[in-house]
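S.K.: Below is the structure I would like to discuss, written out as structure tokens.
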Amino acid sequence: SSSSSTSSAAAAAPIAERERGQGRELGGVGVLHADVVIIATPIEFLDVTFANLTLPVGLHHRNFTHCFVHHVIADGLNGRYFAQNGSPVEVVPDSLFTMRNVTAPWVSIAVQDKAAEGQATEGQKVYKVFSNANLTAQLSDLFHNPSAHHLQHWPYTFPELTPTESAGFEFQPLKLAAGLYYVNAMESVASAMEGSVIAARNIAQLIAAQLRAS
């Protein structure tokens, strides 16, 4: 939600309830009291105000990287785009990867599949391009005969991870307070869907232990 709300260990949140069969439909403005609250989004982008709650010292702000993902159907990569000394490259590999601090506007290019048989694009290749900027205007230069294109922009893909040797450095914790847990703390160590699954399982085990003890 884009509107601000107040959250604490008691989990005050903007909802109201209406009976609907065996379940409840939630909407409007009200208060929900819960035993446990789980935050499953980067806290840097969470529009929530915490009241009567002191957050851990290690909950520092992280800078995030955004990502553009282009899927392109084309005959291949354009040798003129990769010209060396004015001469087009005759054979361009289907998969290309860059190193840190390069000038290329894309991060990686790789073939994912061949276009489906019986389609107008049959015989062409399906490419996936990762970049830190929108390359739509450059695709006709980058590819030979591009015939289809789909763009997906992820505004905060993963936090910028830098090695740390500081003995006093603390990663964001999974448990923010009694009854308040934070799945995306795992992204401070490794950002991947599989890592989020591990974090969610650990939190589920912590909650189960809490319920058994109560």
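Just so we're on the same page: first chain in the structure tokens is A, next is B, and so on; residues restart at 1 for each chain, and ligands are numbered from 1 in the order they show up.
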Kindly assemble as a Markdown table a list of the segment 60-163 of chain A residues that lie within 7 Å of segment 183-192 of chain A, each paired with its nearest atom pair and their distance in Å to one decimal, using only C-alpha atoms, sorted first by chain and then by ascending residue number.
M.R.:
```
| residue | atom | partner | partner_atom | distance |
| --- | --- | --- | --- | --- |
| A:Phe158 | CA | A:Ser191 | CA | 5.9 |
| A:Pro159 | CA | A:Glu187 | CA | 6.8 |
| A:Leu161 | CA | A:Ser188 | CA | 7.0 |
```
S.K.: Residues at most 9 Å from Ser147 of chain A, counting only C-alpha atoms, excluding those fewer than 5 positions away in the same chain, as a ChimeraX atom specification?
M.R.: /A:72-75,121,124
S.K.: Which residues in chain A does DSSP call helix (DSSP H, G or I)? List them as a ChimeraX atom specification.
M.R.: /A:43-45,136-142,183-188,193-213
S.K.: Would you mind listing what lies within 9 Å of Tyr181 of chain A as a PDB file with N, CA, C and O atoms, in the first residue's frame, with only C-alpha atoms counted and same-chain residues fewer than 5 positions away left out?
M.R.:
```pdb
ATOM      1  N   VAL A  36       2.073 -12.627  15.386  1.00  0.00           N
ATOM      2  CA  VAL A  36       3.323 -12.552  14.634  1.00  0.00           C
ATOM      3  C   VAL A  36       3.113 -11.715  13.384  1.00  0.00           C
ATOM      4  O   VAL A  36       2.068 -11.813  12.734  1.00  0.00           O
ATOM      5  N   VAL A  37       4.094 -10.896  13.042  1.00  0.00           N
ATOM      6  CA  VAL A  37       4.106 -10.138  11.783  1.00  0.00           C
ATOM      7  C   VAL A  37       5.389 -10.477  11.040  1.00  0.00           C
ATOM      8  O   VAL A  37       6.476 -10.496  11.629  1.00  0.00           O
ATOM      9  N   ILE A  38       5.252 -10.777   9.738  1.00  0.00           N
ATOM     10  CA  ILE A  38       6.414 -11.088   8.903  1.00  0.00           C
ATOM     11  C   ILE A  38       6.510 -10.041   7.798  1.00  0.00           C
ATOM     12  O   ILE A  38       5.566  -9.854   7.035  1.00  0.00           O
ATOM     13  N   ILE A  39       7.641  -9.369   7.704  1.00  0.00           N
ATOM     14  CA  ILE A  39       7.907  -8.411   6.625  1.00  0.00           C
ATOM     15  C   ILE A  39       8.625  -9.171   5.513  1.00  0.00           C
ATOM     16  O   ILE A  39       9.690  -9.750   5.739  1.00  0.00           O
ATOM     17  N   ALA A  40       8.037  -9.174   4.315  1.00  0.00           N
ATOM     18  CA  ALA A  40       8.613  -9.919   3.198  1.00  0.00           C
ATOM     19  C   ALA A  40       8.822  -9.003   2.002  1.00  0.00           C
ATOM     20  O   ALA A  40       8.437  -9.307   0.872  1.00  0.00           O
ATOM     21  N   PRO A 173      19.048  -8.240  10.693  1.00  0.00           N
ATOM     22  CA  PRO A 173      18.634  -9.460  11.396  1.00  0.00           C
ATOM     23  C   PRO A 173      17.298 -10.009  10.889  1.00  0.00           C
ATOM     24  O   PRO A 173      16.455  -9.263  10.392  1.00  0.00           O
ATOM     25  N   LEU A 174      17.117 -11.332  11.031  1.00  0.00           N
ATOM     26  CA  LEU A 174      15.845 -11.958  10.680  1.00  0.00           C
ATOM     27  C   LEU A 174      14.747 -11.595  11.677  1.00  0.00           C
ATOM     28  O   LEU A 174      13.574 -11.521  11.316  1.00  0.00           O
ATOM     29  N   LYS A 175      15.122 -11.364  12.926  1.00  0.00           N
ATOM     30  CA  LYS A 175      14.152 -11.018  13.965  1.00  0.00           C
ATOM     31  C   LYS A 175      14.373  -9.574  14.381  1.00  0.00           C
ATOM     32  O   LYS A 175      15.413  -9.219  14.926  1.00  0.00           O
ATOM     33  N   LEU A 176      13.388  -8.735  14.114  1.00  0.00           N
ATOM     34  CA  LEU A 176      13.503  -7.312  14.423  1.00  0.00           C
ATOM     35  C   LEU A 176      13.073  -6.996  15.842  1.00  0.00           C
ATOM     36  O   LEU A 176      13.587  -6.070  16.462  1.00  0.00           O
ATOM     37  N   ILE A 203      12.509 -18.542   9.539  1.00  0.00           N
ATOM     38  CA  ILE A 203      11.546 -17.742  10.301  1.00  0.00           C
ATOM     39  C   ILE A 203      10.373 -18.601  10.742  1.00  0.00           C
ATOM     40  O   ILE A 203       9.882 -18.486  11.872  1.00  0.00           O
ATOM     41  N   ILE A 207       9.127 -19.095  14.566  1.00  0.00           N
ATOM     42  CA  ILE A 207       7.758 -18.857  15.012  1.00  0.00           C
ATOM     43  C   ILE A 207       7.191 -20.110  15.670  1.00  0.00           C
ATOM     44  O   ILE A 207       6.517 -20.030  16.708  1.00  0.00           O
TER      45      ILE A 207
END
```
S.K.: Leaving out Glu44 of chain A and any residue of its chain fewer than 5 positions from it, which residues lie within 9 Å of it when counting only C-alpha atoms, given as a ChimeraX atom specification?
M.R.: /A:61-63
S.K.: Kindly save the residues from that selection, with C-alpha atoms included, as an mmCIF file, in the first residue's frame.
M.R.:
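To be explicit, this is the file written out as again_31.cif:
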```cif
data_model
loop_
_atom_site.group_PDB
_atom_site.id
_atom_site.type_symbol
_atom_site.label_atom_id
_atom_site.label_comp_id
_atom_site.auth_asym_id
_atom_site.auth_seq_id
_atom_site.Cartn_x
_atom_site.Cartn_y
_atom_site.Cartn_z
ATOM 1 C CA HIS A 61 20.088 1.256 4.883
ATOM 2 C CA ARG A 62 21.192 -0.723 1.832
ATOM 3 C CA ASN A 63 21.559 0.656 -1.687
#
```
S.K.: Contacts of Ala110 of chain A at 12 Å or less, counting only C-alpha atoms, minus same-chain residues fewer than 4 places along, as an MDAnalysis selection string?
M.R.: chainID A and resid 69:73 76:77 92:98 106 114 125:130
S.K.: Could you take the residues named above and write them with N, CA and C atoms, as a PDB file, in the first residue's frame?
M.R.:
```pdb
ATOM      1  N   VAL A  69      15.360  -6.354 -18.033  1.00  0.00           N
ATOM      2  CA  VAL A  69      15.498  -7.643 -18.709  1.00  0.00           C
ATOM      3  C   VAL A  69      14.755  -7.564 -20.036  1.00  0.00           C
ATOM      4  N   HIS A  70      15.502  -7.713 -21.128  1.00  0.00           N
ATOM      5  CA  HIS A  70      14.923  -7.698 -22.472  1.00  0.00           C
ATOM      6  C   HIS A  70      14.909  -9.114 -23.028  1.00  0.00           C
ATOM      7  N   HIS A  71      13.778  -9.558 -23.529  1.00  0.00           N
ATOM      8  CA  HIS A  71      13.704 -10.778 -24.321  1.00  0.00           C
ATOM      9  C   HIS A  71      13.521 -10.351 -25.782  1.00  0.00           C
ATOM     10  N   VAL A  72      14.417 -10.817 -26.633  1.00  0.00           N
ATOM     11  CA  VAL A  72      14.439 -10.386 -28.026  1.00  0.00           C
ATOM     12  C   VAL A  72      14.475 -11.607 -28.937  1.00  0.00           C
ATOM     13  N   ILE A  73      13.632 -11.614 -29.966  1.00  0.00           N
ATOM     14  CA  ILE A  73      13.701 -12.636 -31.009  1.00  0.00           C
ATOM     15  C   ILE A  73      14.365 -12.006 -32.221  1.00  0.00           C
ATOM     16  N   GLY A  76      20.208 -12.967 -35.011  1.00  0.00           N
ATOM     17  CA  GLY A  76      21.470 -13.095 -34.297  1.00  0.00           C
ATOM     18  C   GLY A  76      21.959 -11.725 -33.869  1.00  0.00           C
ATOM     19  N   LEU A  77      23.132 -11.695 -33.302  1.00  0.00           N
ATOM     20  CA  LEU A  77      23.739 -10.424 -32.915  1.00  0.00           C
ATOM     21  C   LEU A  77      24.362  -9.763 -34.144  1.00  0.00           C
ATOM     22  N   VAL A  92      29.780 -13.587 -34.312  1.00  0.00           N
ATOM     23  CA  VAL A  92      29.563 -13.078 -32.958  1.00  0.00           C
ATOM     24  C   VAL A  92      29.014 -14.214 -32.097  1.00  0.00           C
ATOM     25  N   PRO A  93      29.627 -14.508 -30.960  1.00  0.00           N
ATOM     26  CA  PRO A  93      29.098 -15.566 -30.075  1.00  0.00           C
ATOM     27  C   PRO A  93      27.665 -15.266 -29.658  1.00  0.00           C
ATOM     28  N   ASP A  94      26.899 -16.305 -29.406  1.00  0.00           N
ATOM     29  CA  ASP A  94      25.513 -16.125 -28.990  1.00  0.00           C
ATOM     30  C   ASP A  94      25.390 -15.683 -27.539  1.00  0.00           C
ATOM     31  N   SER A  95      26.426 -15.911 -26.742  1.00  0.00           N
ATOM     32  CA  SER A  95      26.398 -15.533 -25.333  1.00  0.00           C
ATOM     33  C   SER A  95      27.594 -14.638 -25.022  1.00  0.00           C
ATOM     34  N   LEU A  96      27.311 -13.489 -24.432  1.00  0.00           N
ATOM     35  CA  LEU A  96      28.355 -12.517 -24.095  1.00  0.00           C
ATOM     36  C   LEU A  96      28.149 -12.036 -22.669  1.00  0.00           C
ATOM     37  N   PHE A  97      29.248 -11.893 -21.938  1.00  0.00           N
ATOM     38  CA  PHE A  97      29.191 -11.436 -20.549  1.00  0.00           C
ATOM     39  C   PHE A  97      30.239 -10.351 -20.341  1.00  0.00           C
ATOM     40  N   THR A  98      29.901  -9.348 -19.563  1.00  0.00           N
ATOM     41  CA  THR A  98      30.813  -8.244 -19.314  1.00  0.00           C
ATOM     42  C   THR A  98      31.458  -8.369 -17.934  1.00  0.00           C
ATOM     43  N   TRP A 106      25.030  -2.990 -21.655  1.00  0.00           N
ATOM     44  CA  TRP A 106      24.386  -4.224 -21.214  1.00  0.00           C
ATOM     45  C   TRP A 106      25.342  -5.019 -20.333  1.00  0.00           C
ATOM     46  N   LYS A 114      15.219 -21.427 -29.306  1.00  0.00           N
ATOM     47  CA  LYS A 114      14.880 -21.096 -30.684  1.00  0.00           C
ATOM     48  C   LYS A 114      13.398 -20.748 -30.756  1.00  0.00           C
ATOM     49  N   LYS A 125      16.299 -16.801 -33.095  1.00  0.00           N
ATOM     50  CA  LYS A 125      16.712 -17.179 -31.744  1.00  0.00           C
ATOM     51  C   LYS A 125      16.072 -16.247 -30.714  1.00  0.00           C
ATOM     52  N   VAL A 126      15.873 -16.779 -29.524  1.00  0.00           N
ATOM     53  CA  VAL A 126      15.332 -15.991 -28.417  1.00  0.00           C
ATOM     54  C   VAL A 126      16.484 -15.621 -27.487  1.00  0.00           C
ATOM     55  N   TYR A 127      16.740 -14.333 -27.347  1.00  0.00           N
ATOM     56  CA  TYR A 127      17.834 -13.839 -26.515  1.00  0.00           C
ATOM     57  C   TYR A 127      17.285 -13.207 -25.233  1.00  0.00           C
ATOM     58  N   LYS A 128      18.069 -13.303 -24.176  1.00  0.00           N
ATOM     59  CA  LYS A 128      17.781 -12.564 -22.947  1.00  0.00           C
ATOM     60  C   LYS A 128      18.941 -11.599 -22.701  1.00  0.00           C
ATOM     61  N   VAL A 129      18.600 -10.345 -22.485  1.00  0.00           N
ATOM     62  CA  VAL A 129      19.613  -9.306 -22.263  1.00  0.00           C
ATOM     63  C   VAL A 129      19.373  -8.666 -20.900  1.00  0.00           C
ATOM     64  N   PHE A 130      20.399  -8.665 -20.066  1.00  0.00           N
ATOM     65  CA  PHE A 130      20.349  -7.957 -18.785  1.00  0.00           C
ATOM     66  C   PHE A 130      21.093  -6.636 -18.938  1.00  0.00           C
TER      67      PHE A 130
END
```
S.K.: When you draw a straight line from atom CA of Arg80 of chain A to atom CA of Ser108 of chain A, how long is it in Å?
M.R.: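 Taking atom CA of Arg80 of chain A as the start and atom CA of Ser108 of chain A as the end point, the length is 18.1 Å.
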